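J.: For reference, the file query30.cif (mmCIF, C-alpha atoms) is included below:
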```
data_start
loop_
_atom_site.label_atom_id
_atom_site.label_comp_id
_atom_site.auth_asym_id
_atom_site.auth_seq_id
_atom_site.Cartn_x
_atom_site.Cartn_y
_atom_site.Cartn_z
CA MET A 287 -5.14 -3.96 -3.15
CA THR A 288 -8.26 -3.22 -5.20
CA LEU A 289 -8.18 -0.92 -8.21
CA SER A 290 -11.29 -0.37 -10.31
CA GLY A 291 -12.70 -3.73 -9.25
CA LEU A 292 -9.46 -5.61 -10.04
CA LEU A 293 -8.13 -7.58 -7.12
CA LEU A 294 -4.35 -7.65 -7.15
CA ASP A 295 -2.68 -10.62 -5.52
CA ASN A 296 -0.66 -9.75 -2.44
CA HIS A 297 2.58 -10.78 -4.12
CA ILE A 298 1.96 -8.44 -7.08
CA GLU A 299 1.33 -5.56 -4.70
CA GLU A 300 4.54 -6.51 -2.92
CA TYR A 301 6.48 -6.49 -6.21
CA MET A 302 5.20 -2.98 -6.92
CA GLN A 303 6.31 -1.79 -3.50
CA LYS A 304 9.80 -3.25 -4.03
CA SER A 305 10.36 -1.19 -7.18
CA LYS A 306 13.43 1.07 -7.18
CA THR A 307 11.03 3.82 -8.25
CA THR A 308 8.41 4.99 -5.75
CA ILE A 309 5.07 4.52 -7.52
CA ILE A 310 2.26 6.95 -6.68
CA PHE A 311 -0.93 5.63 -8.27
CA GLY A 312 -4.40 7.13 -8.43
CA TRP A 313 -6.74 9.71 -9.90
CA GLU A 314 -5.42 13.29 -9.67
CA LYS A 315 -2.44 12.19 -7.55
CA SER A 316 -0.36 14.33 -9.92
CA MET A 317 -2.03 17.40 -8.45
CA GLU A 318 -0.03 16.73 -5.27
CA ILE A 319 3.22 17.20 -7.21
CA ARG A 320 4.61 19.93 -4.95
CA ASN A 321 4.31 17.69 -1.89
CA TYR A 322 6.26 14.92 -3.61
CA ILE A 323 8.94 17.37 -4.72
CA ASP A 324 9.41 18.61 -1.16
CA ILE A 325 9.62 15.05 0.17
CA LEU A 326 12.19 14.13 -2.47
CA ILE A 327 14.35 17.18 -1.72
CA LYS A 328 14.49 16.31 1.98
CA GLU A 329 15.37 12.71 1.21
CA ILE A 330 18.14 13.45 -1.29
CA GLN A 331 19.69 16.35 0.60
CA GLN A 332 20.84 13.83 3.18
CA TYR A 333 23.57 12.69 0.79
CA LEU A 334 23.61 15.12 -2.15
CA TYR A 335 23.48 18.92 -2.25
CA ILE A 336 20.66 20.14 -4.47
CA GLY A 337 18.67 23.31 -4.84
CA ASN A 338 14.89 23.47 -4.92
CA GLU A 339 14.48 24.81 -8.47
CA VAL A 340 12.31 22.74 -10.82
CA PHE A 341 12.93 22.07 -14.51
CA PHE A 342 9.66 20.89 -16.08
CA LEU A 343 10.06 19.10 -19.42
CA VAL A 344 6.66 18.52 -20.99
CA SER A 345 5.39 17.23 -24.32
CA LYS A 346 3.99 20.13 -26.37
CA PRO A 347 0.63 18.49 -27.20
CA VAL A 348 0.00 17.98 -23.48
CA THR A 349 0.16 21.76 -22.89
CA GLU A 350 -3.13 22.13 -24.76
CA THR A 351 -5.08 19.99 -22.30
CA GLU A 352 -7.15 20.91 -19.26
CA PHE A 353 -5.07 18.49 -17.20
CA TYR A 354 -1.89 20.46 -17.92
CA LEU A 355 -3.38 23.75 -16.73
CA LYS A 356 -4.40 22.18 -13.43
CA PHE A 357 -1.03 20.48 -13.04
CA VAL A 358 0.99 23.67 -13.60
CA LYS A 359 -1.11 25.52 -11.07
CA ASN A 360 -0.24 22.89 -8.45
CA LEU A 361 3.39 22.63 -9.55
CA GLY A 362 4.19 26.18 -8.53
CA PRO A 363 7.43 27.97 -9.55
CA ALA A 364 9.25 26.11 -12.31
CA GLU A 365 11.17 26.57 -15.55
CA ILE A 366 8.73 25.11 -18.08
CA PHE A 367 10.17 23.74 -21.30
CA PRO A 368 7.58 22.39 -23.79
CA TYR A 369 9.22 20.07 -26.30
CA GLU A 370 8.03 17.76 -29.04
CA CYS A 371 9.98 14.76 -30.24
CA GLN A 372 9.57 11.17 -31.37
CA ASN A 373 12.60 8.93 -31.02
CA PRO A 374 14.73 11.68 -29.42
CA GLY A 375 18.36 11.94 -30.46
CA LEU A 376 21.55 13.40 -29.12
CA SER A 377 20.72 16.78 -30.66
CA ASP A 378 17.46 16.82 -28.67
CA LEU A 379 19.39 15.96 -25.53
CA ALA A 380 21.91 18.75 -26.13
CA GLN A 381 19.18 21.31 -26.86
CA VAL A 382 17.15 20.54 -23.75
CA PHE A 383 20.19 20.22 -21.51
CA SER A 384 21.49 23.64 -22.58
CA VAL A 385 18.32 25.18 -21.13
CA TYR A 386 18.52 23.05 -17.99
CA ARG A 387 22.17 23.96 -17.38
CA LYS A 388 21.77 27.67 -18.12
CA ASN A 389 19.27 28.14 -15.35
CA ARG A 390 20.96 25.69 -13.00
CA GLN A 391 17.79 23.79 -12.15
CA ARG A 392 18.37 20.56 -10.34
CA ILE A 393 14.99 18.81 -10.01
CA VAL A 394 13.71 17.30 -13.25
CA VAL A 395 10.00 16.70 -13.78
CA GLY A 396 9.10 14.97 -17.04
CA MET A 397 5.56 14.71 -18.41
CA GLY A 398 4.47 13.04 -21.61
CA GLY A 399 4.84 9.78 -23.49
CA GLY A 400 7.83 7.45 -23.56
CA SER A 401 10.05 9.74 -25.65
CA ILE A 402 9.74 12.73 -23.31
CA MET A 403 10.24 10.55 -20.24
CA ASP A 404 13.38 9.02 -21.78
CA LEU A 405 14.67 12.50 -22.50
CA ALA A 406 13.99 13.55 -18.91
CA LYS A 407 15.97 10.53 -17.68
CA ALA A 408 18.88 11.51 -19.91
CA ILE A 409 18.83 15.09 -18.57
CA ALA A 410 18.86 13.91 -14.93
CA GLY A 411 21.70 11.53 -15.64
CA TRP A 412 23.81 13.88 -17.73
CA ALA A 413 23.47 16.64 -15.11
CA TYR A 414 25.13 14.43 -12.52
CA HIS A 415 27.64 12.67 -14.80
CA PRO A 416 28.56 15.05 -17.65
CA GLY A 417 29.93 13.32 -20.69
CA PHE A 418 28.87 9.72 -20.32
CA ILE A 419 25.28 9.72 -21.54
CA PRO A 420 26.06 10.64 -25.17
CA ALA A 421 28.17 7.48 -25.35
CA PHE A 422 25.37 5.38 -23.82
CA PRO A 423 27.46 3.03 -21.68
CA LEU A 424 25.87 0.41 -19.46
CA ILE A 425 25.91 1.86 -15.96
CA SER A 426 25.13 0.06 -12.72
CA GLU A 427 21.58 0.57 -11.49
CA GLY A 428 22.74 2.12 -8.24
CA LEU A 429 24.43 5.14 -9.83
CA PRO A 430 22.92 8.35 -8.40
CA VAL A 431 21.29 11.00 -10.62
CA TYR A 432 19.64 14.31 -9.88
CA PRO A 433 16.06 14.14 -8.58
CA LEU A 434 13.73 12.85 -11.25
CA LEU A 435 9.91 12.68 -11.16
CA LEU A 436 7.96 11.34 -14.14
CA VAL A 437 4.27 11.75 -14.96
CA PRO A 438 3.15 9.59 -17.91
CA THR A 439 0.27 10.88 -20.01
CA MET A 440 -0.32 7.59 -21.84
CA SER A 441 -0.70 4.02 -20.63
CA GLY A 442 1.91 2.29 -22.73
CA SER A 443 5.70 2.24 -22.51
CA GLY A 444 6.05 1.92 -18.74
CA SER A 445 9.12 4.15 -19.03
CA GLU A 446 8.18 5.83 -15.75
CA VAL A 447 9.28 2.72 -13.80
CA THR A 448 12.16 1.39 -15.93
CA PRO A 449 15.82 2.42 -16.19
CA TYR A 450 15.87 2.19 -19.98
CA ILE A 451 16.62 5.15 -22.22
CA VAL A 452 15.80 4.77 -25.91
CA MET A 453 17.35 7.41 -28.15
CA THR A 454 18.92 7.73 -31.58
CA ASP A 455 22.54 8.42 -32.38
CA LYS A 456 23.85 10.79 -35.08
CA GLN A 457 23.00 8.28 -37.83
CA GLY A 458 19.44 7.85 -36.60
CA CYS A 459 20.11 4.39 -35.19
CA MET A 460 18.31 3.32 -32.04
CA VAL A 461 20.36 2.85 -28.89
CA THR A 462 18.86 1.33 -25.74
CA ASN A 463 20.54 1.07 -22.38
CA GLY A 464 19.66 0.51 -18.76
CA LEU A 465 20.72 3.71 -17.12
CA VAL A 466 18.45 5.86 -14.96
CA PHE A 467 15.74 4.85 -12.52
CA PRO A 468 13.24 7.67 -11.80
CA HIS A 469 12.93 8.50 -8.11
CA ILE A 470 9.15 8.92 -8.26
CA ALA A 471 6.53 7.95 -10.85
CA ILE A 472 3.15 9.60 -10.46
CA VAL A 473 0.77 7.39 -12.44
CA ASP A 474 -2.43 9.38 -12.77
CA PRO A 475 -5.02 8.06 -15.27
CA TYR A 476 -6.51 11.57 -15.63
CA PRO A 477 -4.35 12.76 -18.58
CA THR A 478 -5.13 9.61 -20.59
CA LEU A 479 -8.72 10.86 -20.94
CA SER A 480 -7.35 13.38 -23.47
CA THR A 481 -5.67 10.79 -25.72
CA LEU A 482 -7.07 10.08 -29.16
CA HIS A 483 -8.51 6.70 -30.04
CA TYR A 484 -5.51 5.51 -32.05
CA GLN A 485 -3.11 6.75 -29.36
CA THR A 486 -4.94 4.67 -26.77
CA VAL A 487 -4.70 1.60 -29.02
CA TYR A 488 -1.00 1.99 -29.79
CA ALA A 489 -0.15 2.69 -26.15
CA ALA A 490 -2.07 -0.33 -24.86
CA LEU A 491 -0.50 -2.61 -27.46
CA THR A 492 2.96 -1.34 -26.52
CA ALA A 493 2.31 -2.47 -22.94
CA PHE A 494 0.81 -5.74 -24.18
CA ALA A 495 3.77 -6.58 -26.42
CA GLN A 496 6.33 -5.68 -23.76
CA ALA A 497 4.51 -7.77 -21.15
CA LEU A 498 4.35 -10.74 -23.53
CA GLU A 499 8.06 -10.48 -24.33
CA ALA A 500 8.93 -10.22 -20.64
CA LEU A 501 6.79 -13.29 -19.95
CA VAL A 502 8.80 -15.51 -22.32
CA SER A 503 12.17 -13.83 -21.77
CA ARG A 504 15.20 -15.94 -20.89
CA GLY A 505 15.57 -13.72 -17.84
CA ALA A 506 12.00 -14.32 -16.63
CA THR A 507 11.40 -15.11 -12.97
CA GLU A 508 8.34 -16.00 -10.95
CA GLU A 509 8.03 -12.32 -10.07
CA THR A 510 8.24 -10.99 -13.62
CA ASP A 511 5.91 -13.74 -14.87
CA SER A 512 3.26 -12.66 -12.35
CA LEU A 513 3.59 -9.00 -13.31
CA ALA A 514 3.59 -9.66 -17.07
CA PHE A 515 0.67 -12.07 -17.07
CA LYS A 516 -1.44 -9.75 -14.94
CA ALA A 517 -0.68 -6.84 -17.28
CA ILE A 518 -1.78 -8.89 -20.29
CA GLU A 519 -4.95 -10.01 -18.53
CA ILE A 520 -5.88 -6.45 -17.55
CA ILE A 521 -5.34 -5.11 -21.08
CA LEU A 522 -7.52 -7.79 -22.67
CA VAL A 523 -10.31 -7.14 -20.16
CA SER A 524 -10.16 -3.34 -20.11
CA LEU A 525 -9.19 -2.14 -23.60
CA PRO A 526 -12.57 -2.88 -25.30
CA GLY A 527 -14.47 -0.79 -22.76
CA VAL A 528 -12.10 2.17 -23.13
CA LEU A 529 -12.31 2.06 -26.92
CA ALA A 530 -16.11 1.95 -26.72
CA ASN A 531 -16.23 4.81 -24.23
CA LYS A 532 -13.34 7.28 -24.13
CA GLY A 533 -14.39 8.50 -20.70
CA ASN A 534 -14.41 5.05 -19.10
CA ARG A 535 -12.58 5.93 -15.87
CA GLU A 536 -12.41 2.37 -14.57
CA GLY A 537 -10.93 1.12 -17.83
CA ARG A 538 -8.45 4.02 -17.98
CA GLU A 539 -7.29 3.27 -14.46
CA ASN A 540 -6.84 -0.41 -15.30
CA LEU A 541 -4.81 0.34 -18.43
CA ALA A 542 -2.58 2.69 -16.45
CA LEU A 543 -2.00 -0.09 -13.94
CA ALA A 544 -1.24 -2.58 -16.72
CA SER A 545 1.38 -0.20 -18.13
CA VAL A 546 3.11 -0.04 -14.75
CA LEU A 547 3.03 -3.82 -14.31
CA ALA A 548 4.42 -4.37 -17.81
CA GLY A 549 7.16 -1.83 -17.10
CA LEU A 550 8.13 -3.60 -13.87
CA ALA A 551 8.17 -6.95 -15.69
CA MET A 552 10.74 -5.56 -18.12
CA LYS A 553 13.49 -6.25 -15.59
CA ALA A 554 13.42 -9.75 -17.12
CA GLY A 555 14.51 -8.29 -20.45
CA LEU A 556 12.45 -8.30 -23.64
CA GLY A 557 13.09 -9.82 -27.05
CA LEU A 558 13.20 -9.54 -30.81
CA ALA A 559 9.97 -7.58 -31.26
CA THR A 560 11.34 -4.74 -29.13
CA SER A 561 14.89 -4.79 -30.49
CA MET A 562 13.63 -4.86 -34.10
CA ALA A 563 10.84 -2.30 -33.68
CA GLN A 564 13.36 0.18 -32.30
CA GLN A 565 15.17 0.21 -35.65
CA ILE A 566 12.29 1.54 -37.75
CA HIS A 567 11.61 5.25 -37.43
CA ASP A 568 8.83 7.52 -38.63
CA LEU A 569 6.12 5.12 -37.47
CA PRO A 570 4.38 5.11 -34.09
CA TYR A 571 6.29 2.71 -31.86
CA GLY A 572 3.17 0.84 -30.75
CA LEU A 573 2.23 0.28 -34.39
CA ILE A 574 5.54 -1.12 -35.61
CA LEU A 575 5.88 -3.24 -32.46
CA SER A 576 2.45 -4.74 -33.13
CA LEU A 577 3.25 -5.42 -36.79
CA PHE A 578 6.26 -7.51 -35.79
CA LEU A 579 4.62 -9.40 -32.95
CA PRO A 580 2.71 -12.25 -34.73
CA SER A 581 5.73 -13.31 -36.82
CA ILE A 582 8.04 -13.26 -33.82
CA ILE A 583 5.56 -15.25 -31.72
CA GLU A 584 5.54 -17.88 -34.46
CA TYR A 585 9.36 -17.81 -34.59
CA ASN A 586 9.65 -18.35 -30.81
CA GLU A 587 6.73 -20.72 -30.36
CA SER A 588 8.57 -24.03 -30.04
CA TYR A 589 10.73 -22.58 -27.25
CA CYS A 590 7.97 -21.20 -25.03
CA TRP A 591 4.73 -22.76 -26.23
CA GLU A 592 3.40 -23.39 -22.72
CA LYS A 593 3.43 -19.69 -21.81
CA TYR A 594 2.02 -18.73 -25.20
CA GLU A 595 -0.77 -21.26 -24.69
CA ARG A 596 -1.55 -19.74 -21.31
CA VAL A 597 -1.91 -16.31 -22.90
CA ASN A 598 -3.91 -17.72 -25.81
CA ASN A 599 -6.47 -19.12 -23.37
CA LEU A 600 -7.20 -15.58 -22.14
CA PHE A 601 -8.83 -14.71 -25.47
CA LEU A 602 -12.54 -15.38 -25.87
CA TYR A 603 -12.10 -15.83 -29.62
CA ARG A 604 -8.90 -17.71 -30.27
CA SER A 605 -7.18 -19.87 -32.83
CA GLU A 606 -5.04 -22.92 -32.16
CA HIS A 607 -1.88 -20.82 -32.11
CA LEU A 608 -1.30 -17.49 -30.34
CA SER A 609 0.26 -15.90 -33.43
CA LYS A 610 -2.99 -16.32 -35.40
CA THR A 611 -5.11 -15.24 -32.40
CA ILE A 612 -3.04 -12.06 -32.07
CA GLN A 613 -3.24 -11.34 -35.79
CA ASP A 614 -7.05 -11.70 -35.73
CA TRP A 615 -7.23 -9.43 -32.66
CA PHE A 616 -5.11 -6.80 -34.37
CA SER A 617 -7.34 -6.96 -37.44
CA TYR A 618 -10.36 -6.38 -35.21
CA LEU A 619 -8.66 -3.39 -33.58
CA GLY A 620 -7.80 -1.88 -36.98
CA ILE A 621 -4.03 -2.16 -36.60
CA TYR A 622 -3.60 -3.20 -40.24
CA SER A 623 -5.49 -0.16 -41.51
CA PHE A 624 -3.24 2.84 -41.11
CA ASP A 625 -2.14 6.06 -42.76
CA GLY A 626 -0.59 5.69 -46.23
CA MET A 627 2.46 7.73 -45.17
CA TYR A 628 3.30 5.12 -42.56
CA ARG A 629 3.18 2.44 -45.25
CA LYS A 630 5.52 4.44 -47.47
CA ASN A 631 7.98 4.88 -44.61
CA MET A 632 7.90 1.16 -43.86
CA GLU A 633 8.38 0.21 -47.50
CA ALA A 634 11.28 2.65 -47.86
CA PHE A 635 12.98 0.86 -44.98
CA LEU A 636 12.29 -2.62 -46.35
CA HIS A 637 13.60 -1.74 -49.82
CA SER A 638 16.89 -0.37 -48.51
CA GLU A 639 19.56 -3.06 -48.35
CA TYR A 640 21.71 -0.74 -46.24
CA CYS A 641 18.93 -0.20 -43.68
CA ILE A 642 18.24 -3.92 -43.37
CA ARG A 643 21.92 -4.78 -42.99
CA LEU A 644 22.60 -2.02 -40.45
CA SER A 645 19.42 -2.69 -38.49
CA THR A 646 20.21 -6.40 -38.29
CA ARG A 647 23.57 -5.61 -36.72
CA LEU A 648 21.94 -3.16 -34.29
CA VAL A 649 19.37 -5.78 -33.27
CA ILE A 650 22.19 -8.13 -32.30
CA ASP A 651 23.83 -5.32 -30.30
CA ASN A 652 20.54 -4.41 -28.59
CA ILE A 653 20.22 -4.96 -24.85
CA HIS A 654 17.06 -7.06 -25.37
CA TYR A 655 18.42 -9.37 -28.08
CA GLY A 656 20.07 -11.77 -25.65
CA THR A 657 16.90 -12.43 -23.65
CA ASN A 658 14.76 -13.53 -26.60
CA PRO A 659 13.74 -17.17 -25.95
CA ARG A 660 15.19 -18.37 -29.26
CA GLN A 661 18.66 -17.38 -30.42
CA ALA A 662 18.32 -15.53 -33.74
CA GLU A 663 20.98 -15.60 -36.43
CA VAL A 664 21.56 -12.85 -38.98
CA GLU A 665 19.43 -14.50 -41.65
CA ASP A 666 16.62 -15.12 -39.16
CA ILE A 667 16.51 -11.43 -38.28
CA LYS A 668 16.50 -10.37 -41.93
CA ASN A 669 13.64 -12.77 -42.67
CA LEU A 670 11.67 -11.38 -39.73
CA PHE A 671 12.16 -7.87 -41.08
CA PHE A 672 10.92 -9.02 -44.48
CA SER A 673 7.88 -10.65 -42.85
CA LEU A 674 6.40 -7.14 -42.80
CA HIS A 675 5.79 -7.64 -46.53
CA THR A 676 3.20 -10.33 -45.73
CA ILE A 677 1.01 -8.18 -43.48
CA PRO A 678 -2.53 -7.72 -44.89
CA ILE A 679 -2.36 -3.92 -44.91
CA GLN A 680 -5.38 -1.82 -45.82
CA VAL A 681 -4.33 1.76 -46.43
CA LYS A 682 -6.66 4.31 -44.88
CA THR A 683 -6.23 7.55 -43.06
CA ILE A 684 -5.78 7.34 -39.30
CA GLU A 685 -9.12 9.08 -38.85
CA GLU A 686 -10.94 6.57 -41.07
CA SER A 687 -9.38 3.53 -39.49
CA LEU A 688 -8.92 4.29 -35.82
CA LEU A 689 -10.99 7.26 -34.68
CA LEU A 690 -14.48 6.50 -33.44
#
```
As structure tokens, what does this structure read like?
T.:
Amino acid sequence: MTLSGLLLDNHIEEYMQKSKTTIIFGWEKSMEIRNYIDILIKEIQQYLYIGNEVFFLVSKPVTETEFYLKFVKNLGPAEIFPYECQNPGLSDLAQVFSVYRKNRQRIVVGMGGGSIMDLAKAIAGWAYHPGFIPAFPLISEGLPVYPLLLVPTMSGSGSEVTPYIVMTDKQGCMVTNGLVFPHIAIVDPYPTLSTLHYQTVYAALTAFAQALEALVSRGATEETDSLAFKAIEIILVSLPGVLANKGNREGRENLALASVLAGLAMKAGLGLATSMAQQIHDLPYGLILSLFLPSIIEYNESYCWEKYERVNNLFLYRSEHLSKTIQDWFSYLGIYSFDGMYRKNMEAFLHSEYCIRLSTRLVIDNIHYGTNPRQAEVEDIKNLFFSLHTIPIQVKTIEESLLL
């Protein structure tokens, strides 16, 4: 399988085809949305009664793009619900579900970043099993949900091919569970052309960090290692070209592919960077995940140094240890130069004894804690939180630091 000049090994292509989610990949494939809806209805009606109404949950910023206008035209009749949220909570779920239930739609189409796609998963699951999603139990992967199609607009979280739902509870604490597999993911690089420079960076680094954690996870297999390593390789090769030229179609396609591969690799489980980053709100997820990554690589290094060394060798400019190589790469990308408000939010978290204590407990309860290569004790987690104090931050506006 060849995509944008990248030759995928046969076994990687096979792993993609084995996914519980049907992956539709390619430029403007999303414009065939109505065909995929009709196919899905016929398939599911064999064992579950559903109507043919469509509930379209879409991120508000996406509605201002040319891509959205074309997509809606091809979507046809639908109840469109624009919504904006970061780290969605139970109140968001209740608000969106009240609209879904009132009009009795049954097919859920979600379009946006990771937060909107997670919310769409929750709607599809809650519609079929009222009452259990607010409690976030661990449910078997085979549990049926109402038809769910996801269209990512960024190349980052891989949520379109994973069962995970990340939301906040009433106290604002992150809760992550494996719950709902989308039926179809339409991965179309077209909408990523509209993303801002810093959004492209944060999204790509989300995929990079998740692939790296999957690679060294205790649950890693030969399959997940292949997927994760290929995702990392693609990001390192393709990200510079996309940042230099926003309209680089080949690079955009490659980053979209890397996001999918990283998402598929997540079946191995992730680690401390993910479970800790999910506890800090009011910062872009890709940013806080990146800030944690070098310290956690250093913490894990003695337990998985061979895999870290393999990744380190992918970098043209590298240090002896991957943690230092990654830190230098992040400095080059401008990760340590970000908006002053983000710094204030981070410092407010770090100076709150209650937040640190509660977040440490939530890290231990997180689904990804147990697959970190090194077992972390309470004091280890606290020290890793406090490692954010040592980051060489340069406060600038997002426009000054990340926009071309």
J.: Have a look at atom CA of A:Val528 and atom CA of A:Val597 and let me know their distance in Å, one decimal.
T.: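 About the pair atom CA of A:Val528 and atom CA of A:Val597: they are 21.1 Å apart.
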J.: From the list A:Asp404, A:Leu575, A:Trp591, A:Ser545, which residue is nearest A:Met453 when using only C-alpha atoms?
T.: A:Asp404
J.: If we count only C-alpha atoms and set the cut-off at 9 Å, which residues sit around A:Arg320, ignoring sequence neighbours fewer than 5 positions away in its own chain? Please answer as a PyMOL selection string.
T.: chain A and resi 325+360-362
J.: One decimal, in Å: what's the spacing between atom CA of A:Pro433 and atom CA of A:Ala380?
T.: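 Those two atoms sit 19.1 Å apart.
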J.: Between atom CA of A:Lys668 and atom CA of A:Val649, what is the distance in Å, rounded to a tenth?
T.: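 Separation between atom CA of A:Lys668 and atom CA of A:Val649: 10.2 Å.
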J.: Show me that you can extract stretch 485-558 of chain A, keeping C-alpha atoms, and write it as a compact mmCIF listing (two decimals), in the first residue's frame.
T.:
```txt
# COMPACT_ATOMS: atom_id res chain seq x y z
CA GLN A 485 -2.65 23.28 16.04
CA THR A 486 -0.70 21.20 13.53
CA VAL A 487 2.27 21.03 15.90
CA TYR A 488 0.24 20.06 18.97
CA ALA A 489 -1.75 17.47 17.03
CA ALA A 490 1.34 15.84 15.54
CA LEU A 491 3.08 15.73 18.91
CA THR A 492 0.00 14.12 20.47
CA ALA A 493 0.28 11.30 17.93
CA PHE A 494 4.05 11.13 18.45
CA ALA A 495 3.80 10.89 22.25
CA GLN A 496 1.03 8.30 22.13
CA ALA A 497 2.96 6.19 19.61
CA LEU A 498 6.09 6.36 21.77
CA GLU A 499 4.18 5.34 24.89
CA ALA A 500 2.51 2.46 23.04
CA LEU A 501 5.92 1.33 21.79
CA VAL A 502 7.33 0.88 25.32
CA SER A 503 4.07 -0.18 26.96
CA ARG A 504 3.97 -3.33 29.07
CA GLY A 505 1.15 -4.47 26.81
CA ALA A 506 3.16 -3.99 23.60
CA THR A 507 3.12 -6.71 20.97
CA GLU A 508 4.88 -7.19 17.66
CA GLU A 509 1.82 -5.71 15.98
CA THR A 510 1.59 -2.58 18.14
CA ASP A 511 5.37 -2.08 17.94
CA SER A 512 5.19 -2.05 14.13
CA LEU A 513 2.31 0.42 14.12
CA ALA A 514 3.86 2.72 16.74
CA PHE A 515 7.33 2.80 15.22
CA LYS A 516 5.97 3.52 11.75
CA ALA A 517 3.85 6.37 13.14
CA ILE A 518 6.90 7.91 14.81
CA GLU A 519 8.97 7.55 11.65
CA ILE A 520 6.30 9.18 9.49
CA ILE A 521 5.89 12.14 11.86
CA LEU A 522 9.63 12.85 11.99
CA VAL A 523 9.86 12.72 8.18
CA SER A 524 6.69 14.65 7.35
CA LEU A 525 6.16 17.30 10.04
CA PRO A 526 8.97 19.67 8.90
CA GLY A 527 7.57 19.88 5.38
CA VAL A 528 4.05 20.62 6.61
CA LEU A 529 5.27 23.34 8.96
CA ALA A 530 7.27 24.91 6.14
CA ASN A 531 4.34 24.73 3.74
CA LYS A 532 0.82 24.63 5.15
CA GLY A 533 -0.57 23.35 1.86
CA ASN A 534 1.82 20.38 1.62
CA ARG A 535 -0.72 17.72 0.61
CA GLU A 536 1.72 14.83 0.73
CA GLY A 537 2.85 15.77 4.23
CA ARG A 538 -0.74 16.27 5.42
CA GLU A 539 -1.69 12.84 4.13
CA ASN A 540 1.28 11.27 5.88
CA LEU A 541 0.48 12.93 9.21
CA ALA A 542 -3.12 11.75 8.94
CA LEU A 543 -1.85 8.23 8.38
CA ALA A 544 0.53 8.50 11.34
CA SER A 545 -2.37 9.55 13.58
CA VAL A 546 -4.32 6.44 12.56
CA LEU A 547 -1.33 4.15 13.13
CA ALA A 548 -0.66 5.68 16.55
CA GLY A 549 -4.33 5.26 17.44
CA LEU A 550 -4.27 1.59 16.44
CA ALA A 551 -1.08 1.06 18.47
CA MET A 552 -2.89 2.33 21.57
CA LYS A 553 -4.44 -1.11 22.05
CA ALA A 554 -1.14 -1.86 23.84
CA GLY A 555 -2.00 0.75 26.45
CA LEU A 556 -0.06 3.96 27.06
CA GLY A 557 1.77 5.27 30.11
CA LEU A 558 2.50 8.02 32.59
```
